[in-house]
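Student: Input structure: my_file-v7.txt, which contains compact mmCIF, C-alpha atoms.
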```txt
# COMPACT_ATOMS: atom_id res chain seq x y z
CA MET A 1 -10.06 -29.65 232.11
CA ASP A 2 -8.43 -31.26 235.12
CA THR A 3 -5.92 -32.98 232.82
CA ALA A 4 -5.13 -29.70 231.07
CA ASN A 5 -4.53 -27.99 234.39
CA ALA A 6 -2.28 -30.82 235.55
CA GLU A 7 -0.23 -31.16 232.38
CA ARG A 8 -0.20 -27.57 231.08
CA ALA A 9 -0.86 -24.05 232.32
CA GLY A 10 -4.60 -24.64 231.98
CA ALA A 11 -7.41 -25.45 229.61
CA VAL A 12 -8.44 -23.81 226.34
CA VAL A 13 -12.16 -23.71 225.56
CA GLY A 14 -13.05 -23.07 221.92
CA TYR A 15 -16.37 -21.65 220.77
CA LEU A 16 -18.00 -22.13 217.36
CA PRO A 17 -21.65 -21.75 216.34
CA ALA A 18 -23.48 -24.86 215.16
CA GLY A 19 -24.59 -24.74 211.56
CA PHE A 20 -22.11 -22.10 210.36
CA PRO A 21 -21.62 -21.92 207.48
CA ASP A 22 -23.50 -25.24 207.30
CA LEU A 23 -23.96 -28.17 209.66
CA ARG A 24 -21.25 -30.42 208.19
CA THR A 25 -18.63 -27.67 208.10
CA SER A 26 -19.42 -26.59 211.65
CA VAL A 27 -18.86 -30.17 212.81
CA ASP A 28 -15.58 -30.43 210.89
CA ALA A 29 -14.42 -27.12 212.37
CA ALA A 30 -15.24 -28.21 215.92
CA VAL A 31 -13.32 -31.45 215.35
CA ALA A 32 -10.39 -29.37 214.06
CA LEU A 33 -10.39 -27.44 217.33
CA ALA A 34 -10.09 -30.65 219.33
CA GLU A 35 -7.42 -32.05 217.04
CA ASN A 36 -5.29 -28.93 217.48
CA GLY A 37 -5.12 -28.54 221.22
CA VAL A 38 -8.52 -27.24 222.37
CA ASP A 39 -9.63 -29.05 225.54
CA VAL A 40 -13.34 -28.22 225.61
CA ILE A 41 -15.68 -27.34 222.73
CA GLU A 42 -18.34 -24.71 223.34
CA LEU A 43 -20.93 -25.20 220.62
CA GLY A 44 -23.21 -22.23 220.19
CA LEU A 45 -26.90 -22.62 219.45
CA PRO A 46 -27.74 -19.86 216.94
CA TYR A 47 -30.36 -17.46 218.26
CA SER A 48 -32.15 -14.53 216.66
CA ASP A 49 -31.58 -12.11 219.56
CA PRO A 50 -28.05 -12.78 220.87
CA VAL A 51 -27.70 -10.02 223.45
CA MET A 52 -24.18 -10.98 224.55
CA ASP A 53 -22.66 -11.80 221.15
CA GLY A 54 -20.49 -9.39 219.20
CA PRO A 55 -20.75 -8.72 215.46
CA VAL A 56 -18.59 -11.63 214.29
CA ILE A 57 -20.63 -14.24 216.15
CA GLN A 58 -23.91 -12.46 215.38
CA ARG A 59 -23.22 -12.60 211.65
CA ALA A 60 -22.35 -16.29 211.86
CA ALA A 61 -25.54 -17.05 213.81
CA GLU A 62 -27.63 -15.06 211.34
CA GLU A 63 -26.15 -16.99 208.43
CA SER A 64 -26.78 -20.30 210.16
CA LEU A 65 -30.42 -19.39 210.82
CA ALA A 66 -30.88 -18.02 207.29
CA ASN A 67 -29.66 -21.35 205.95
CA GLY A 68 -32.41 -23.13 207.87
CA PHE A 69 -30.69 -24.23 211.07
CA ARG A 70 -33.13 -25.55 213.68
CA VAL A 71 -32.72 -26.18 217.40
CA ALA A 72 -32.89 -29.97 217.06
CA GLN A 73 -29.87 -29.93 214.76
CA VAL A 74 -27.60 -28.94 217.63
CA PHE A 75 -28.01 -32.47 218.99
CA ASP A 76 -27.01 -33.90 215.60
CA ALA A 77 -23.91 -31.70 215.64
CA VAL A 78 -22.95 -32.77 219.17
CA ASP A 79 -23.44 -36.43 218.29
CA GLN A 80 -21.24 -36.13 215.21
CA ILE A 81 -18.50 -34.27 217.09
CA THR A 82 -18.38 -36.62 220.07
CA SER A 83 -18.28 -39.64 217.75
CA ARG A 84 -15.06 -38.29 216.22
CA VAL A 85 -13.12 -36.71 219.11
CA ASP A 86 -12.88 -37.39 222.82
CA VAL A 87 -13.33 -33.92 224.30
CA PRO A 88 -16.21 -32.51 226.33
CA VAL A 89 -18.80 -30.59 224.31
CA LEU A 90 -20.85 -27.92 226.08
CA VAL A 91 -23.74 -26.25 224.30
CA MET A 92 -23.94 -22.49 224.78
CA THR A 93 -27.51 -21.27 224.48
CA TYR A 94 -29.76 -18.45 225.50
CA TRP A 95 -32.58 -19.68 227.68
CA ASN A 96 -35.63 -19.03 225.51
CA PRO A 97 -34.87 -21.80 222.97
CA VAL A 98 -34.55 -24.30 225.83
CA LEU A 99 -37.88 -23.23 227.29
CA ARG A 100 -39.59 -23.52 223.91
CA TYR A 101 -38.07 -26.96 223.31
CA GLY A 102 -38.87 -28.16 226.83
CA VAL A 103 -36.25 -28.15 229.60
CA ASP A 104 -36.38 -31.88 230.40
CA ARG A 105 -36.59 -32.86 226.75
CA PHE A 106 -33.60 -30.61 225.97
CA ALA A 107 -31.58 -32.18 228.80
CA ASP A 108 -32.46 -35.72 227.71
CA ASP A 109 -31.54 -35.01 224.10
CA LEU A 110 -28.24 -33.46 225.21
CA VAL A 111 -27.36 -36.61 227.12
CA ALA A 112 -28.35 -38.84 224.20
CA ALA A 113 -26.11 -36.82 221.88
CA GLY A 114 -23.11 -37.10 224.21
CA ALA A 115 -22.96 -33.49 225.40
CA SER A 116 -21.42 -32.65 228.77
CA GLY A 117 -23.67 -29.75 229.70
CA LEU A 118 -24.91 -26.22 229.04
CA ILE A 119 -23.55 -22.69 229.25
CA THR A 120 -26.49 -20.33 229.81
CA PRO A 121 -25.40 -16.68 229.50
CA ASP A 122 -28.79 -15.07 230.22
CA LEU A 123 -30.00 -17.43 232.94
CA ILE A 124 -29.27 -16.57 236.57
CA PRO A 125 -29.28 -19.31 239.23
CA ASP A 126 -32.26 -18.01 241.18
CA GLU A 127 -34.36 -18.21 238.01
CA GLY A 128 -32.88 -21.51 236.89
CA ARG A 129 -34.61 -24.09 239.10
CA ALA A 130 -36.02 -26.06 236.15
CA TRP A 131 -32.57 -26.39 234.59
CA ILE A 132 -30.85 -27.12 237.89
CA ASP A 133 -33.34 -29.93 238.54
CA ALA A 134 -32.97 -31.33 235.01
CA SER A 135 -29.18 -31.24 235.17
CA GLU A 136 -29.18 -32.91 238.57
CA ARG A 137 -31.35 -35.68 237.15
CA THR A 138 -29.18 -36.18 234.06
CA GLY A 139 -25.73 -35.39 235.47
CA LEU A 140 -25.10 -32.61 232.96
CA ASP A 141 -22.77 -29.74 233.82
CA ARG A 142 -24.30 -26.28 234.17
CA VAL A 143 -22.19 -23.18 233.66
CA PHE A 144 -23.40 -19.85 234.99
CA LEU A 145 -21.71 -16.52 234.38
CA ALA A 146 -20.05 -13.96 236.65
CA ALA A 147 -19.21 -10.44 235.48
CA PRO A 148 -17.43 -7.37 236.86
CA SER A 149 -20.88 -5.99 237.73
CA SER A 150 -21.94 -9.09 239.68
CA THR A 151 -22.69 -8.53 243.35
CA ASP A 152 -21.05 -10.74 245.96
CA THR A 153 -24.37 -12.55 246.33
CA ARG A 154 -24.51 -13.23 242.57
CA MET A 155 -20.92 -14.49 242.67
CA GLU A 156 -21.78 -16.87 245.49
CA GLN A 157 -24.89 -18.08 243.64
CA ALA A 158 -22.89 -18.74 240.47
CA VAL A 159 -20.30 -20.73 242.42
CA ALA A 160 -22.88 -22.72 244.37
CA SER A 161 -25.05 -23.48 241.35
CA SER A 162 -22.48 -24.19 238.63
CA ARG A 163 -21.04 -27.59 237.89
CA GLY A 164 -17.98 -27.92 235.67
CA PHE A 165 -16.77 -24.32 235.91
CA VAL A 166 -17.97 -20.75 236.29
CA TYR A 167 -17.69 -18.56 233.19
CA ALA A 168 -15.90 -15.35 234.23
CA VAL A 169 -16.77 -12.53 231.85
CA SER A 170 -13.63 -10.43 231.51
CA THR A 171 -15.25 -7.18 230.46
CA MET A 172 -18.62 -5.52 230.24
CA GLY A 173 -20.24 -5.62 226.83
CA VAL A 174 -20.46 -8.13 224.00
CA THR A 175 -18.06 -10.75 222.69
CA GLY A 176 -15.27 -9.91 220.28
CA ALA A 177 -11.51 -10.12 220.01
CA ARG A 178 -9.74 -7.24 221.76
CA VAL A 179 -6.20 -5.95 221.80
CA GLY A 180 -5.99 -6.43 225.55
CA VAL A 181 -8.01 -8.61 227.86
CA ASP A 182 -9.65 -6.35 230.43
CA THR A 183 -7.74 -6.27 233.72
CA ALA A 184 -11.13 -6.62 235.40
CA ALA A 185 -10.84 -10.33 234.60
CA ARG A 186 -8.33 -10.81 237.40
CA THR A 187 -10.70 -9.13 239.83
CA VAL A 188 -13.65 -11.28 238.74
CA VAL A 189 -11.60 -14.46 239.17
CA SER A 190 -10.27 -13.28 242.54
CA ARG A 191 -13.82 -12.63 243.75
CA LEU A 192 -14.90 -16.06 242.52
CA ARG A 193 -11.98 -17.64 244.40
CA ASP A 194 -13.09 -15.80 247.54
CA ALA A 195 -16.56 -17.25 246.96
CA GLY A 196 -15.08 -20.75 246.87
CA VAL A 197 -15.01 -21.51 243.14
CA GLU A 198 -13.22 -24.72 242.18
CA ARG A 199 -12.76 -24.00 238.47
CA THR A 200 -13.31 -20.80 236.51
CA CYS A 201 -12.63 -19.93 232.88
CA VAL A 202 -12.25 -16.43 231.46
CA GLY A 203 -13.98 -15.41 228.25
CA LEU A 204 -14.72 -12.38 226.06
CA GLY A 205 -11.83 -10.80 224.20
CA ILE A 206 -9.08 -13.46 224.07
CA SER A 207 -7.46 -13.55 220.65
CA THR A 208 -3.71 -14.18 221.02
CA ALA A 209 -1.47 -16.87 222.51
CA ASP A 210 0.00 -14.24 224.83
CA GLN A 211 -3.47 -13.48 226.17
CA VAL A 212 -4.12 -17.19 226.70
CA ALA A 213 -0.88 -17.45 228.69
CA GLU A 214 -1.78 -14.34 230.70
CA VAL A 215 -5.25 -15.60 231.59
CA LEU A 216 -3.96 -19.02 232.59
CA GLU A 217 -1.69 -17.41 235.16
CA TYR A 218 -4.74 -16.89 237.37
CA ALA A 219 -7.68 -18.81 235.83
CA ASP A 220 -8.26 -22.49 235.07
CA GLY A 221 -9.23 -21.93 231.46
CA ALA A 222 -9.29 -19.43 228.61
CA ILE A 223 -12.38 -19.24 226.39
CA ILE A 224 -11.86 -18.19 222.76
CA GLY A 225 -14.75 -17.44 220.42
CA SER A 226 -14.63 -14.63 217.89
CA ALA A 227 -11.07 -15.45 216.81
CA PHE A 228 -12.14 -18.96 215.79
CA VAL A 229 -15.37 -17.82 214.15
CA ARG A 230 -13.49 -15.24 212.09
CA ALA A 231 -10.94 -17.86 211.05
CA LEU A 232 -13.73 -20.16 209.91
CA ALA A 233 -15.46 -17.37 207.99
CA ASP A 234 -12.27 -16.20 206.26
CA LEU A 235 -10.17 -19.34 205.87
CA GLY A 236 -12.42 -22.35 206.39
CA VAL A 237 -11.74 -25.44 208.48
CA GLN A 238 -7.99 -25.36 207.85
CA GLY A 239 -7.93 -21.78 209.10
CA VAL A 240 -9.62 -22.91 212.32
CA ALA A 241 -7.08 -25.70 212.73
CA ASP A 242 -4.15 -23.31 212.25
CA ARG A 243 -5.64 -20.72 214.60
CA ALA A 244 -6.25 -23.35 217.27
CA ALA A 245 -2.68 -24.63 217.06
CA ASP A 246 -1.41 -21.07 217.45
CA LEU A 247 -3.66 -20.00 220.30
CA THR A 248 -3.35 -23.18 222.35
CA SER A 249 0.42 -22.71 222.33
CA GLY A 250 -0.24 -20.14 225.03
CA ALA A 251 -1.27 -22.96 227.35
CA ARG A 252 2.10 -24.65 226.95
CA ARG A 253 4.20 -21.73 228.06
CA GLY A 254 6.13 -21.69 231.28
```
Produce structure tokens that represent the structure in this file.

Tutor:
Amino acid sequence: MDTANAERAGAVVGYLPAGFPDLRTSVDAAVALAENGVDVIELGLPYSDPVMDGPVIQRAAEESLANGFRVAQVFDAVDQITSRVDVPVLVMTYWNPVLRYGVDRFADDLVAAGASGLITPDLIPDEGRAWIDASERTGLDRVFLAAPSSTDTRMEQAVASSRGFVYAVSTMGVTGARVGVDTAARTVVSRLRDAGVERTCVGLGISTADQVAEVLEYADGAIIGSAFVRALADLGVQGVADRAADLTSGARRG
């Protein structure tokens, strides 16, 4: 991410769910992201109750689970991706699967697979002591979220507790490509800057190169999810590659 911010307008983070439509294809698609300009891969762990995910990602997760995807396979996916491309891979997961698996065991298996850390959308720092301790022990990054509804105290907690970057949610609601990225994103990032954030990336709703360029005017990274998942569902791995090449062009502007 530091390299992307030094050499271009900023970083592009690309999300895809593990195991969709099958494990091998999800790995190939993630590799295609990295080979077409994406700086960080956010690999989603499919979950049966994805409270923050929009319909595109929900359908992909449901298909992955219906096809028999299991939590342990996310480590296989990370290992296969990191053996093929040299980009950081962060696993995005709701907290319950980590608890069921075992926090320390999950952290150790992440490290063994070559992952860089976790994004935990439903875990708040003051309830995350077990994960904070495990990530301190293993050196993994931990990414907490900040939203337009976050209080100043929550903002400060997210900044103090995160390592890697803080995920700035650009709008209230669930994920999904939108015509315009909510102007609240600028306010969230500004509040995070006031709280002392070093790096923050904006997600939820980014689906065009123009939006990437807009976000990178004030944030360190742009997170893209539904646009890539839809491309994979409709056009396969080549569709993901083409979409990544198009969207990451927004980071080269200016």

Student: Excluding same-chain residues fewer than 4 positions from Asp49 in chain A, what lies within 12 Å of it counting all atoms listed in the file, as number ranges by chain?

Tutor: A: 45, 53-54, 57-59, 61-62, 65, 93-97, 122

Student: For the point (-32.6, -19.5, 206.8) in file coordinates, what residues are within 12 Å, counting all atoms listed in the file? Give the answer as a ChimeraX atom specification?

Tutor: /A:19-22,46-48,60-70

Student: Smallest atom-to-atom distance to Val40 in chain A: which of A:Phe75, A:Phe165, A:Phe144, A:Tyr101, using all atoms listed in the file?

Tutor: A:Phe165

Student: Please provide as a list in words all residues within 6 Å of range 195-203 of chain A, with the sequence filter that same-chain residues fewer than 6 positions apart are discarded (counting all atoms listed in the file).

Tutor: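 What passes the distance filter is Glu156, Val159, Phe165, Val166, Tyr167, Ala168, Val169, Ser170, Ala219, Asp220, Gly221, Ala222 and Ile223 of chain A.
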
Student: Write a file of the just-selected residues containing C-alpha atoms, as a CSV table (one decimal), keeping the file's coordinate frame.

Tutor:
```csv
chain,number,residue,atom,x,y,z
A,156,GLU,CA,-21.8,-16.9,245.5
A,159,VAL,CA,-20.3,-20.7,242.4
A,165,PHE,CA,-16.8,-24.3,235.9
A,166,VAL,CA,-18.0,-20.8,236.3
A,167,TYR,CA,-17.7,-18.6,233.2
A,168,ALA,CA,-15.9,-15.4,234.2
A,169,VAL,CA,-16.8,-12.5,231.8
A,170,SER,CA,-13.6,-10.4,231.5
A,219,ALA,CA,-7.7,-18.8,235.8
A,220,ASP,CA,-8.3,-22.5,235.1
A,221,GLY,CA,-9.2,-21.9,231.5
A,222,ALA,CA,-9.3,-19.4,228.6
A,223,ILE,CA,-12.4,-19.2,226.4
```

Student: Could you pull the residues within 10 Å of Gly239 in chain A, counting only C-alpha atoms, minus those fewer than 3 positions along the same chain, as a tab-separated table (two decimals) with C-alpha atoms, keeping the file's coordinate frame?

Tutor:
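In the end it all went to selection.tsv:
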```
chain	number	residue	atom	x	y	z
A	29	ALA	CA	-14.42	-27.12	212.37
A	32	ALA	CA	-10.39	-29.37	214.06
A	228	PHE	CA	-12.14	-18.96	215.79
A	229	VAL	CA	-15.37	-17.82	214.15
A	230	ARG	CA	-13.49	-15.24	212.09
A	231	ALA	CA	-10.94	-17.86	211.05
A	232	LEU	CA	-13.73	-20.16	209.91
A	233	ALA	CA	-15.46	-17.37	207.99
A	234	ASP	CA	-12.27	-16.20	206.26
A	235	LEU	CA	-10.17	-19.34	205.87
A	236	GLY	CA	-12.42	-22.35	206.39
A	242	ASP	CA	-4.15	-23.31	212.25
A	243	ARG	CA	-5.64	-20.72	214.60
A	244	ALA	CA	-6.25	-23.35	217.27
A	245	ALA	CA	-2.68	-24.63	217.06
```

Student: Between CA of Gly117 in chain A and CA of Asp79 in chain A, what distance in Å does the model show, to one decimal?

Tutor: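 Going from CA of Gly117 in chain A over to CA of Asp79 in chain A covers 13.2 Å.
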